[in-house]
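Notes to accompany the following structure.
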There are 4 protein chains.
Amino acid sequence: MTIFSDVAPVRFEGPDTSNEFAYRVYDKDRVVLGRSMAQWLRPAVCYWHSFNWPGADIFGGGTLPRPWLAPVITRSMAEHKLEAAFDFLSRLGLPYFTFHDVDAMATAGSPGEHVVNLHHVEELIAGKMSATGVKLLWGTANLFSHPRYAGGAATSPDPEVFAWAATQVRCCLEATHRLGGENYVLWGGREGYDSLLNTDLKRELDQYGRFLSMVVEHKHRIGFKGAILVEPKPFEPTKHQYDRDAAAVYAFLQRYGLAGEVKVNLEVNHATLAGVDFEHEIAAARAYGIFGSIDINRGDPRNGWDTDQFPNNAQELVPTLVQLIEDGGFTSGGFNFDAKLRRQSLDAADLYLAHIGGMDTLARALLAAADVVASGALAKLTQARYQGWSGDLGRRIQAGEFTLATLADHAVKAGLDPRIPSGRQELAESIVARHCRY
Amino acid sequence: MTIFSDVAPVRFEGPDTSNEFAYRVYDKDRVVLGRSMAQWLRPAVCYWHSFNWPGADIFGGGTLPRPWLAPVITRSMAEHKLEAAFDFLSRLGLPYFTFHDVDAMATAGSPGEHVVNLHHVEELIAGKMSATGVKLLWGTANLFSHPRYAGGAATSPDPEVFAWAATQVRCCLEATHRLGGENYVLWGGREGYDSLLNTDLKRELDQYGRFLSMVVEHKHRIGFKGAILVEPKPFEPTKHQYDRDAAAVYAFLQRYGLAGEVKVNLEVNHATLAGVDFEHEIAAARAYGIFGSIDINRGDPRNGWDTDQFPNNAQELVPTLVQLIEDGGFTSGGFNFDAKLRRQSLDAADLYLAHIGGMDTLARALLAAADVVASGALAKLTQARYQGWSGDLGRRIQAGEFTLATLADHAVKAGLDPRIPSGRQELAESIVARHCRY
Amino acid sequence: MTIFSDVAPVRFEGPDTSNEFAYRVYDKDRVVLGRSMAQWLRPAVCYWHSFNWPGADIFGGGTLPRPWLAPVITRSMAEHKLEAAFDFLSRLGLPYFTFHDVDAMATAGSPGEHVVNLHHVEELIAGKMSATGVKLLWGTANLFSHPRYAGGAATSPDPEVFAWAATQVRCCLEATHRLGGENYVLWGGREGYDSLLNTDLKRELDQYGRFLSMVVEHKHRIGFKGAILVEPKPFEPTKHQYDRDAAAVYAFLQRYGLAGEVKVNLEVNHATLAGVDFEHEIAAARAYGIFGSIDINRGDPRNGWDTDQFPNNAQELVPTLVQLIEDGGFTSGGFNFDAKLRRQSLDAADLYLAHIGGMDTLARALLAAADVVASGALAKLTQARYQGWSGDLGRRIQAGEFTLATLADHAVKAGLDPRIPSGRQELAESIVARHCRY
Amino acid sequence: MTIFSDVAPVRFEGPDTSNEFAYRVYDKDRVVLGRSMAQWLRPAVCYWHSFNWPGADIFGGGTLPRPWLAPVITRSMAEHKLEAAFDFLSRLGLPYFTFHDVDAMATAGSPGEHVVNLHHVEELIAGKMSATGVKLLWGTANLFSHPRYAGGAATSPDPEVFAWAATQVRCCLEATHRLGGENYVLWGGREGYDSLLNTDLKRELDQYGRFLSMVVEHKHRIGFKGAILVEPKPFEPTKHQYDRDAAAVYAFLQRYGLAGEVKVNLEVNHATLAGVDFEHEIAAARAYGIFGSIDINRGDPRNGWDTDQFPNNAQELVPTLVQLIEDGGFTSGGFNFDAKLRRQSLDAADLYLAHIGGMDTLARALLAAADVVASGALAKLTQARYQGWSGDLGRRIQAGEFTLATLADHAVKAGLDPRIPSGRQELAESIVARHCRY
């Protein structure tokens, strides 16, 4: 019995149910464009916000019932937490979870203790996974909470911190591998700076490049087949993080020869903090061939920090889901609920309600996106816009037949006076809106 | 006689002058750390905001006395404008100017007319440059104002627009070359999108890559030795521009094989719209080897569009000037005042007052930065932070002696428990502040 | 025949129609909670964006076919525009329109000419209204586009500008009255400042208070029964506008004794620029008794200016519609589409598509909100949160039985240790989401 | 001996000192425009950030040496903290401090214990104040950190929480009174909402009005002569706080009959989060007669939360200091350093360095503002702008001689064609900049 045991396993009951602890839209086996909802969405619950966060914010202490938490976590508290977590996971019925090393393990005071404590809990996790069937979408090492990481991990001013980070990542990558994790994520929460005045930016980028190269080398050494994913975020906790957005990561990966080895785990709220629509990050990552996985949540459009709210507006996610469908779905990635309760959502039941609302939102977005794709309306409208590029001039330009000079000569000679076609943006937006009916 | 003839040539008169039409700090020949202020700053007046903008905003019409402006510019109006512009330039006493093709020329209705009209005004500009000694920092083609560019230039849905853009850039690059311009700039104001729903992002990036490659080829073909500079901006006029910030440009340049050929012209207000400090853009561009030139202005920190105000807070610019001094100054770049009057600054005299205030701001920042650099205080503080990397462990990591596994083993064995040094951020900020005394 | 004549009158055809020029959800006579959709929504088309804006932005000229526009509008051009406008209005089938004086009239060079030209077009408008049945939701005077208003209208540094503004408002208020307008709006687009350094804020507030008082006096003098509405906006075109948001307006109205006479016309994009959710502005205006009418549109959540896009996400509007339903609907107000096409929406047809999409969005939001209200789920959840205030202590506090001291004494004596109830925010959000199915 | 005892008392040593633990500009007895720097600035150190915050942020634990902190504070820890705090205060040499009840006292589990523990520490504080001469600028109760306040204090959904808040405020107001505090502040950090969907905004405003009225009644009952100050902030920790900005507070105060009794404590970072310049908040509060005191700090212009950094750019503060000088200085208010170290400023010494930098910044701003005021340049420029209002038409309008109708008649008859004067904004900005030389 845990605090989560009062809720019966959550089932799909359809939109007309009056049961708040049921899925109204997410029907994991429902087939959409040839595969099941669960296969398209590959949803995961995160360990940190759900089980390791007490409801504290910067102005106040914990509000949520998380009896297994304390400043120092013992093995028995970690075990208590694990019991509750898998009780929740198995009742919620989603296929995956994700975790940081320190979310799950007993607090360690030295590198040696870290290795031992992580290994201890890894075995317990393996047992729970086996017992419940819940799988690991990805693991990650927390390289930002401990005071030693205040100045960064790979980009720390102190090489001993770099070495500590190497220890954590090595162990967590190996644990992820053994647990069958499908990806390994690095979020560089403090890989950045608080002030440029005391920072050697070039040196720190070089350190970061070296670190990632070492991680990639180790992945191959141990035979891990999952993807290595970097998670962009523009700031918070630092003033500026090097992994600002997908383009910044791609700039960095190319610079350090990692573009074929590392992809991105894109988070909705991180994109919006960076000032870009989430669907842009997806599109940019796809264009550059580095799209990996998604942390699904949302920010508050009026507040300027990472509120990590559960998604609840399906229409906002349709452009993302359309792209996912066009790609034929994730390869190793999935939708990880990197989302947390509001601080006043005080009951154990709220964690169910939040995830159920989030899953139904994803399911609505998937169904709407599938209808949009099936209708062909957006694709047709877009293709019509670019049809000139299928004409003679367009083909010749793309075939490399012109230099700047010869193309200019052509323009002058032909007396070009182009009239671009209407972009039909309002119609395109209406097409998306009208399919959001679930 | 022009509207600018009432003001006597602007001279340096020192901080105690009561003459508003004199420089208080900018003394072009004053030697700072081995070279003159003018050599460090290489300031330029821009043609567009100063002479080609009537004081209109999105909610109201022109307020400024610019009698040479009309919806269609004739040759005689262009000549009138040129006369006034060089009258102002020669009285203001700054060494450079910058211009777009359409700022200076008579309106053209076809590619052929464009070629002729630009050539006509180019000869007049050459005469004025020769007569006044004012030099050209850079030229650029306006690929965003005409309706044909509503959907982009290189990234237009219509290849004829691409060809029009090629015509303008070819002509303007050649004119810049003949006029002795030291750089050529491309600002992709509409190279982006208004909506992803009707946009093929990958295709548009490819088109943009092709276009820039053609520009680079043409530069070499004609023997232009100046730098080709792309100017990042995140949005406005479009919803999202591909050249969002320095990192996004570097990602793009590497992808399309242009990283050795193209650099960036960084603008203060564009950086802040992108959500990054301007000094970050400088630092990122330096780290990636693509720093070229600067558009100096400032945004309003509470308004979310490109206000293009004249800079007036020297302390804000010190981190930028420190970096510039560390680099030994610009190569081909300079500080271009891409800044415009407020709409209520109604008198011809205001254009002087604004530029004088801006120049004195740059001069103050230069003097303060030189003092900061000369004191060595910031450099010493920063070096102290990273001193661990000069120790044994740091050197071995940098020498590539460790894999992730062996470094982790080392950490465990050594029982590392690092204590990072204080970042001394408040002291660093105080060091900058205390040198701002000019 | 006008450019808008190619589209047949727009009808409701239901969600499954393949006709893009039909309403899918907005069925004006459909009864929802006791009244028709048209009665709930009272939608209006605005004259300015639809017919008086050529598709220009700050970086480029007009793109849209608006053959009746030119720098100076003659009477015949104004008539041409009017013909096209009412052709569009009658085909679109919405009950209301809104206009600024200068949108509709021939350009005037003096106060006297203004009076005459406005009167001329007023008569033509009256004829068109009579012929088509389209009604006037509100009129307003444009006190921001002409250069004389660069420094404000009522808050201008020049009393002659104040007098010009008085002339325009007097005439437009009287015209609105004669045309049967149901409200009169003042948007103080330049009632603010560009810089505090040259501004006497207190003096300008006093001027604004005097001006509004004169408008109220005149309203009563002529017997206008509609509401006088001020429209909040935080900035743009100015750096700071005094009518920042609903609370700022209410502060001002109380200060100048106008709280019972003036209400607010709230705009979605203005609220979001001010950093508040639109539904907050509605709630604040209702709490303070100053809610009047709505300008419906949306901003781009990543861009920092007034993009005035057509609304397209019904779920975002449900909290607003729920409040409207709770109030029993508008009194004199309505939903005015203060929205404009994107600059690439080049065809006359796009103006229909945009309004149709916007109306269907409003209709979807109305249906969803009606379902939310009918279900009682949100109201029940909210009442449960506050139930303590119906208990003994709550009632006594509200009855004024305690001073601070006696209440503190009570708390000590009772040893209070309150546990607040779960806020159930995620559930509340899910309740809204699940009703968005139209 | 405390962790702060290593630094000798901080003295003014002038700009050329090489001692980092000395004031370079702040010379407390230096007379500026007739009074000492200390009298103008009335600076205070805050207890919470300086002594009660361990350097934690939302992503990581405490980094700073604060050995007296723990999840539960005992009396002996509170005493240890007090010892260190007054050691620091007396060495820093600023005249004032500020505190929350819970910053200083031992943790209390019930209202009764709260009363006792606060009283205990009050006596110790009184002793320290007497011994060191440090005075109390203001006290305040922390109504936001304890989980009971998650849904607000005065605006809580639970009346028992309201009663708890009454207990804390009553005790802290009385303690402040006995300690000779010159003001009492209420910051309504959670007086707002996380979601409107579960909030009865009107009810909560009424509760807040009642609470403030009770506080005012109690102030008079006990004879406290200081000012009651509300501190505006737009959001964080809540999504939306009712005290958004000065205008919102004034709207509220008028509504609940408190406009003559309550003023505002304005914070720089709160203003900028609200989207307004800090000097605007000062100007608005002065215009409305509610200006009280200042929390001096700054935000990071690129980050969207309350970073509470020490101020370091004097020029930014000149417009505020000019207004303060125009008012003849504070009445009961002062400059409270509501500012905290960066998380990497790990040494005890950093707390000195940060405050010294902040004080010198204030002193520079004061000296520059005094020079600006003494020069008369800004005042003259502003008066010239409004000179029309001293003419005949301006005087008659202000004397109420016109109705809207008669003023319009006058405009028509006179054929008014006003030309507003140049705003000279760039010159005004240069005037400020050139005086920043300290």
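Chain identifiers are assigned as A, B, and so on, following the order in which chains appear in the structure tokens; residues are numbered from 1 within each chain, and ligands are numbered from 1 in order of appearance.
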What do you get for the Cα RMSD if chain C is superposed onto chain B using all Cα atoms in their order?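 After superposition, the RMSD is 0.0 Å.
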Considering only C-alpha atoms, return as an mmCIF file with N, CA and C atoms, in the first residue's frame whatever protein or nucleic-acid residues lie within 9 Å of Arg255 in chain B, sequence-local ones (same chain, fewer than 3 positions apart) excluded.
data_model
loop_
_atom_site.group_PDB
_atom_site.id
_atom_site.type_symbol
_atom_site.label_atom_id
_atom_site.label_comp_id
_atom_site.auth_asym_id
_atom_site.auth_seq_id
_atom_site.Cartn_x
_atom_site.Cartn_y
_atom_site.Cartn_z
ATOM 1 N N ALA A 251 24.984 23.791 -34.156
ATOM 2 C CA ALA A 251 26.227 24.535 -34.374
ATOM 3 C C ALA A 251 27.362 23.885 -33.587
ATOM 4 N N GLN A 254 28.324 20.191 -34.851
ATOM 5 C CA GLN A 254 29.161 20.201 -36.053
ATOM 6 C C GLN A 254 30.581 20.634 -35.711
ATOM 7 N N TYR A 288 17.903 19.386 -39.779
ATOM 8 C CA TYR A 288 19.323 19.158 -39.531
ATOM 9 C C TYR A 288 19.626 17.703 -39.150
ATOM 10 N N GLY B 209 20.995 28.431 -48.569
ATOM 11 C CA GLY B 209 22.378 27.962 -48.696
ATOM 12 C C GLY B 209 22.891 28.147 -50.115
ATOM 13 N N TYR B 250 25.870 30.149 -37.443
ATOM 14 C CA TYR B 250 27.023 29.245 -37.532
ATOM 15 C C TYR B 250 26.570 27.815 -37.862
ATOM 16 N N ALA B 251 25.448 27.404 -37.280
ATOM 17 C CA ALA B 251 24.896 26.088 -37.615
ATOM 18 C C ALA B 251 24.643 26.005 -39.120
ATOM 19 N N PHE B 252 24.043 27.032 -39.642
ATOM 20 C CA PHE B 252 23.697 27.094 -41.060
ATOM 21 C C PHE B 252 24.953 27.142 -41.941
ATOM 22 N N LEU B 258 29.896 27.000 -45.651
ATOM 23 C CA LEU B 258 30.219 28.410 -45.814
ATOM 24 C C LEU B 258 30.944 29.001 -44.601
ATOM 25 N N ALA B 259 31.347 28.149 -43.664
ATOM 26 C CA ALA B 259 31.865 28.674 -42.395
ATOM 27 C C ALA B 259 33.164 29.458 -42.565
#
Contacts from chain A to chain D, 7 Å maximum, only C-alpha atoms: show me the residue list as a PyMOL selection string. chain A and resi 57-63+144-147+150-151+237+239+303-305+343-344
Resulting file, chosen residues, C-alpha atoms, as a PDB file, in the first residue's frame:
ATOM      1  CA  ASP A  57       9.207  26.760  -5.124  1.00  0.00           C
ATOM      2  CA  ILE A  58      11.705  29.541  -4.717  1.00  0.00           C
ATOM      3  CA  PHE A  59       9.466  31.304  -2.187  1.00  0.00           C
ATOM      4  CA  GLY A  60       8.157  28.401  -0.196  1.00  0.00           C
ATOM      5  CA  GLY A  61       8.594  24.878   1.050  1.00  0.00           C
ATOM      6  CA  GLY A  62       7.121  21.577   0.005  1.00  0.00           C
ATOM      7  CA  THR A  63       3.362  21.137   0.016  1.00  0.00           C
ATOM      8  CA  PHE A 144      23.165  20.397 -11.587  1.00  0.00           C
ATOM      9  CA  SER A 145      21.692  20.029  -8.101  1.00  0.00           C
ATOM     10  CA  HIS A 146      24.765  19.434  -5.989  1.00  0.00           C
ATOM     11  CA  PRO A 147      26.700  22.586  -5.019  1.00  0.00           C
ATOM     12  CA  ALA A 150      27.134  25.496  -9.374  1.00  0.00           C
ATOM     13  CA  GLY A 151      29.634  26.544 -12.052  1.00  0.00           C
ATOM     14  CA  PRO A 237      19.120  27.946 -13.684  1.00  0.00           C
ATOM     15  CA  LYS A 239      21.721  33.135 -17.062  1.00  0.00           C
ATOM     16  CA  ASN A 303       5.525  33.845 -16.851  1.00  0.00           C
ATOM     17  CA  GLY A 304       9.196  33.777 -17.733  1.00  0.00           C
ATOM     18  CA  TRP A 305      10.448  30.610 -16.129  1.00  0.00           C
ATOM     19  CA  ARG A 343       1.894  23.533  -5.815  1.00  0.00           C
ATOM     20  CA  GLN A 344      -1.719  23.614  -4.648  1.00  0.00           C
TER      21      GLN A 344
END
Using only C-alpha atoms, determine which residues lie at most 12 Å from range 378-389 of chain B, disregarding the query and same-chain residues fewer than 6 positions distant; provide the list as number ranges by chain. A: 151, 155-163, 195-201, 203-204, 207; B: 318-319, 322-323, 326, 369-372, 395-399, 418-433, 435; D: 344-345
Would you write out those residues with N, CA and C atoms, as a short mmCIF file (atom, residue, chain, number, x, y, z; two decimals), in the first residue's frame?
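Output below, filename again-v6.cif:
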data_model
loop_
_atom_site.label_atom_id
_atom_site.label_comp_id
_atom_site.auth_asym_id
_atom_site.auth_seq_id
_atom_site.Cartn_x
_atom_site.Cartn_y
_atom_site.Cartn_z
N GLY A 151 28.98 25.89 -10.92
CA GLY A 151 29.63 26.54 -12.05
C GLY A 151 29.66 25.68 -13.31
N THR A 155 31.55 21.97 -18.06
CA THR A 155 32.10 23.32 -18.26
C THR A 155 32.50 23.98 -16.94
N SER A 156 32.70 23.18 -15.92
CA SER A 156 33.09 23.74 -14.62
C SER A 156 34.48 24.38 -14.69
N PRO A 157 34.72 25.40 -13.87
CA PRO A 157 36.08 25.92 -13.76
C PRO A 157 37.04 24.94 -13.08
N ASP A 158 36.54 23.85 -12.55
CA ASP A 158 37.38 22.92 -11.80
C ASP A 158 37.37 21.55 -12.47
N PRO A 159 38.53 21.03 -12.86
CA PRO A 159 38.56 19.73 -13.55
C PRO A 159 38.09 18.58 -12.67
N GLU A 160 38.15 18.74 -11.36
CA GLU A 160 37.65 17.66 -10.50
C GLU A 160 36.13 17.53 -10.62
N VAL A 161 35.50 18.64 -10.88
CA VAL A 161 34.05 18.58 -11.12
C VAL A 161 33.76 17.86 -12.42
N PHE A 162 34.57 18.15 -13.42
CA PHE A 162 34.49 17.43 -14.70
C PHE A 162 34.60 15.93 -14.45
N ALA A 163 35.51 15.57 -13.60
CA ALA A 163 35.73 14.14 -13.31
C ALA A 163 34.54 13.54 -12.55
N SER A 195 27.62 34.96 -15.61
CA SER A 195 28.15 36.25 -16.05
C SER A 195 29.27 36.00 -17.04
N LEU A 196 29.25 36.72 -18.14
CA LEU A 196 30.36 36.61 -19.09
C LEU A 196 31.63 37.23 -18.53
N LEU A 197 31.47 38.11 -17.54
CA LEU A 197 32.65 38.86 -17.05
C LEU A 197 33.70 37.96 -16.43
N ASN A 198 33.26 36.82 -15.89
CA ASN A 198 34.24 35.92 -15.26
C ASN A 198 34.33 34.58 -15.99
N THR A 199 33.90 34.57 -17.26
CA THR A 199 33.78 33.31 -18.00
C THR A 199 34.64 33.32 -19.26
N ASP A 200 35.31 32.21 -19.48
CA ASP A 200 36.06 31.99 -20.73
C ASP A 200 35.21 31.08 -21.60
N LEU A 201 34.37 31.70 -22.41
CA LEU A 201 33.35 30.96 -23.16
C LEU A 201 33.97 29.93 -24.10
N ARG A 203 36.83 28.40 -23.90
CA ARG A 203 37.36 27.28 -23.13
C ARG A 203 36.24 26.35 -22.68
N GLU A 204 35.15 26.92 -22.24
CA GLU A 204 34.06 26.08 -21.74
C GLU A 204 33.41 25.27 -22.86
N GLN A 207 35.66 22.37 -23.46
CA GLN A 207 35.48 21.34 -22.43
C GLN A 207 34.22 20.51 -22.68
N VAL B 318 30.60 48.21 -22.32
CA VAL B 318 31.98 47.90 -21.93
C VAL B 318 32.35 46.44 -22.19
N PRO B 319 31.48 45.47 -21.85
CA PRO B 319 31.89 44.08 -22.13
C PRO B 319 32.16 43.83 -23.61
N VAL B 322 35.60 45.56 -24.36
CA VAL B 322 36.70 44.77 -23.81
C VAL B 322 37.07 43.65 -24.77
N GLN B 323 36.08 42.97 -25.28
CA GLN B 323 36.37 41.89 -26.22
C GLN B 323 37.03 42.41 -27.50
N GLU B 326 40.56 43.07 -26.75
CA GLU B 326 41.30 41.81 -26.65
C GLU B 326 41.64 41.23 -28.02
N ALA B 369 36.59 50.62 -21.18
CA ALA B 369 37.07 49.28 -21.49
C ALA B 369 38.59 49.24 -21.51
N ALA B 370 39.19 50.28 -22.06
CA ALA B 370 40.66 50.32 -22.09
C ALA B 370 41.20 50.34 -20.66
N ASP B 371 40.54 51.08 -19.79
CA ASP B 371 40.99 51.10 -18.39
C ASP B 371 40.80 49.73 -17.73
N VAL B 372 39.68 49.09 -18.04
CA VAL B 372 39.46 47.74 -17.48
C VAL B 372 40.55 46.80 -17.96
N ARG B 395 45.37 19.30 -16.93
CA ARG B 395 46.23 19.13 -18.11
C ARG B 395 46.05 17.76 -18.75
N ARG B 396 45.93 16.75 -17.91
CA ARG B 396 45.77 15.40 -18.46
C ARG B 396 44.44 15.22 -19.17
N ILE B 397 43.40 15.80 -18.61
CA ILE B 397 42.10 15.71 -19.31
C ILE B 397 42.20 16.39 -20.67
N GLN B 398 42.79 17.57 -20.69
CA GLN B 398 42.90 18.31 -21.94
C GLN B 398 43.83 17.63 -22.94
N ALA B 399 44.76 16.88 -22.42
CA ALA B 399 45.67 16.16 -23.32
C ALA B 399 45.03 14.88 -23.88
N PRO B 418 35.45 18.14 -4.84
CA PRO B 418 35.88 19.49 -5.23
C PRO B 418 35.06 20.60 -4.59
N ARG B 419 35.75 21.71 -4.32
CA ARG B 419 35.09 22.94 -3.86
C ARG B 419 35.44 24.01 -4.89
N ILE B 420 34.49 24.39 -5.68
CA ILE B 420 34.80 25.39 -6.71
C ILE B 420 35.06 26.75 -6.06
N PRO B 421 35.87 27.56 -6.72
CA PRO B 421 36.17 28.87 -6.15
C PRO B 421 35.00 29.85 -6.35
N SER B 422 34.95 30.86 -5.51
CA SER B 422 33.92 31.89 -5.67
C SER B 422 34.02 32.51 -7.06
N GLY B 423 32.87 32.72 -7.68
CA GLY B 423 32.85 33.34 -9.00
C GLY B 423 33.09 34.84 -8.97
N ARG B 424 32.92 35.43 -7.79
CA ARG B 424 33.18 36.87 -7.62
C ARG B 424 32.44 37.74 -8.65
N GLN B 425 31.22 37.35 -8.97
CA GLN B 425 30.49 38.08 -10.02
C GLN B 425 30.23 39.53 -9.63
N GLU B 426 29.84 39.75 -8.38
CA GLU B 426 29.53 41.13 -7.96
C GLU B 426 30.79 41.99 -8.03
N LEU B 427 31.92 41.42 -7.66
CA LEU B 427 33.17 42.19 -7.77
C LEU B 427 33.47 42.50 -9.24
N ALA B 428 33.30 41.50 -10.09
CA ALA B 428 33.56 41.72 -11.52
C ALA B 428 32.68 42.85 -12.06
N GLU B 429 31.43 42.86 -11.64
CA GLU B 429 30.52 43.92 -12.09
C GLU B 429 30.95 45.28 -11.54
N SER B 430 31.43 45.28 -10.31
CA SER B 430 31.90 46.54 -9.73
C SER B 430 33.14 47.05 -10.45
N ILE B 431 33.98 46.13 -10.88
CA ILE B 431 35.19 46.54 -11.60
C ILE B 431 34.80 47.28 -12.88
N VAL B 432 33.83 46.75 -13.59
CA VAL B 432 33.37 47.45 -14.79
C VAL B 432 32.79 48.81 -14.42
N ALA B 433 31.92 48.82 -13.42
CA ALA B 433 31.22 50.06 -13.07
C ALA B 433 32.18 51.17 -12.68
N HIS B 435 35.05 51.86 -13.61
CA HIS B 435 35.85 52.45 -14.68
C HIS B 435 35.02 53.32 -15.63
N GLN D 344 27.21 31.41 -7.12
CA GLN D 344 28.64 31.06 -7.12
C GLN D 344 29.48 32.04 -6.31
N SER D 345 28.85 33.02 -5.67
CA SER D 345 29.62 33.96 -4.83
C SER D 345 29.72 33.34 -3.45
#
Let's see if you can do this: from backbone DSSP, list all strand (DSSP E or B) residues in range 187-400 of chain D, as a ChimeraX atom specification. /D:187,192-193,227-231,240-241,262-267,291-296,298,304,309,335-337
File of the preceding selection, C-alpha atoms, as a PDB file, in the first residue's frame:
ATOM      1  CA  TRP D 187       4.373  41.932   0.175  1.00  0.00           C
ATOM      2  CA  GLY D 192      -3.058  36.209  -6.422  1.00  0.00           C
ATOM      3  CA  TYR D 193      -3.790  32.977  -8.215  1.00  0.00           C
ATOM      4  CA  ALA D 227       3.830  54.163   6.798  1.00  0.00           C
ATOM      5  CA  ILE D 228       1.975  51.017   5.816  1.00  0.00           C
ATOM      6  CA  LEU D 229       3.407  49.959   2.477  1.00  0.00           C
ATOM      7  CA  VAL D 230       2.196  47.417  -0.052  1.00  0.00           C
ATOM      8  CA  GLU D 231       4.851  46.036  -2.393  1.00  0.00           C
ATOM      9  CA  HIS D 240      -0.707  36.523 -11.252  1.00  0.00           C
ATOM     10  CA  GLN D 241      -0.507  38.737  -8.202  1.00  0.00           C
ATOM     11  CA  VAL D 262      -1.440  52.871   2.375  1.00  0.00           C
ATOM     12  CA  LYS D 263       1.486  53.587   0.107  1.00  0.00           C
ATOM     13  CA  VAL D 264       3.826  51.479  -1.985  1.00  0.00           C
ATOM     14  CA  ASN D 265       7.245  49.977  -1.533  1.00  0.00           C
ATOM     15  CA  LEU D 266       8.522  49.800  -5.103  1.00  0.00           C
ATOM     16  CA  GLU D 267      11.094  47.232  -6.186  1.00  0.00           C
ATOM     17  CA  PHE D 291       5.080  56.705  -3.145  1.00  0.00           C
ATOM     18  CA  GLY D 292       6.709  55.310  -0.012  1.00  0.00           C
ATOM     19  CA  SER D 293       9.984  53.404  -0.222  1.00  0.00           C
ATOM     20  CA  ILE D 294      12.259  51.479  -2.577  1.00  0.00           C
ATOM     21  CA  ASP D 295      13.597  47.938  -2.749  1.00  0.00           C
ATOM     22  CA  ILE D 296      16.750  48.441  -4.726  1.00  0.00           C
ATOM     23  CA  ARG D 298      17.940  44.775 -10.572  1.00  0.00           C
ATOM     24  CA  GLY D 304      12.086  36.274 -16.776  1.00  0.00           C
ATOM     25  CA  GLN D 309      20.783  41.164  -8.377  1.00  0.00           C
ATOM     26  CA  PHE D 335      16.725  52.172  -0.276  1.00  0.00           C
ATOM     27  CA  ASN D 336      16.500  48.606   0.920  1.00  0.00           C
ATOM     28  CA  PHE D 337      18.933  46.182  -0.728  1.00  0.00           C
TER      29      PHE D 337
END
Range 13-17 of chain C: which residues within 9 Å, counting only C-alpha atoms, same-chain residues fewer than 4 positions away excluded, as a short mmCIF file (atom, residue, chain, number, x, y, z; two decimals) with N, CA and C atoms, in the first residue's frame?
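What landed in out.cif:
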data_model
loop_
_atom_site.label_atom_id
_atom_site.label_comp_id
_atom_site.auth_asym_id
_atom_site.auth_seq_id
_atom_site.Cartn_x
_atom_site.Cartn_y
_atom_site.Cartn_z
N ARG A 434 -10.22 23.11 -37.31
CA ARG A 434 -11.47 22.37 -37.53
C ARG A 434 -11.32 20.89 -37.29
N ALA C 22 -17.91 28.97 -46.17
CA ALA C 22 -19.13 28.71 -45.39
C ALA C 22 -18.71 28.60 -43.92
N TYR C 23 -19.65 28.93 -43.04
CA TYR C 23 -19.41 28.70 -41.61
C TYR C 23 -19.63 27.22 -41.31
N ARG C 24 -18.68 26.67 -40.58
CA ARG C 24 -18.81 25.27 -40.17
C ARG C 24 -19.49 25.16 -38.79
N VAL C 25 -19.31 26.18 -37.96
CA VAL C 25 -19.84 26.09 -36.58
C VAL C 25 -20.75 27.28 -36.27
N TYR C 26 -20.43 28.44 -36.77
CA TYR C 26 -21.22 29.62 -36.47
C TYR C 26 -22.55 29.57 -37.22
N ASP C 27 -23.58 29.27 -36.49
CA ASP C 27 -24.94 29.20 -37.03
C ASP C 27 -25.71 30.27 -36.28
N TYR C 438 -15.91 20.99 -30.83
CA TYR C 438 -16.78 21.44 -31.93
C TYR C 438 -16.01 21.85 -33.19
#
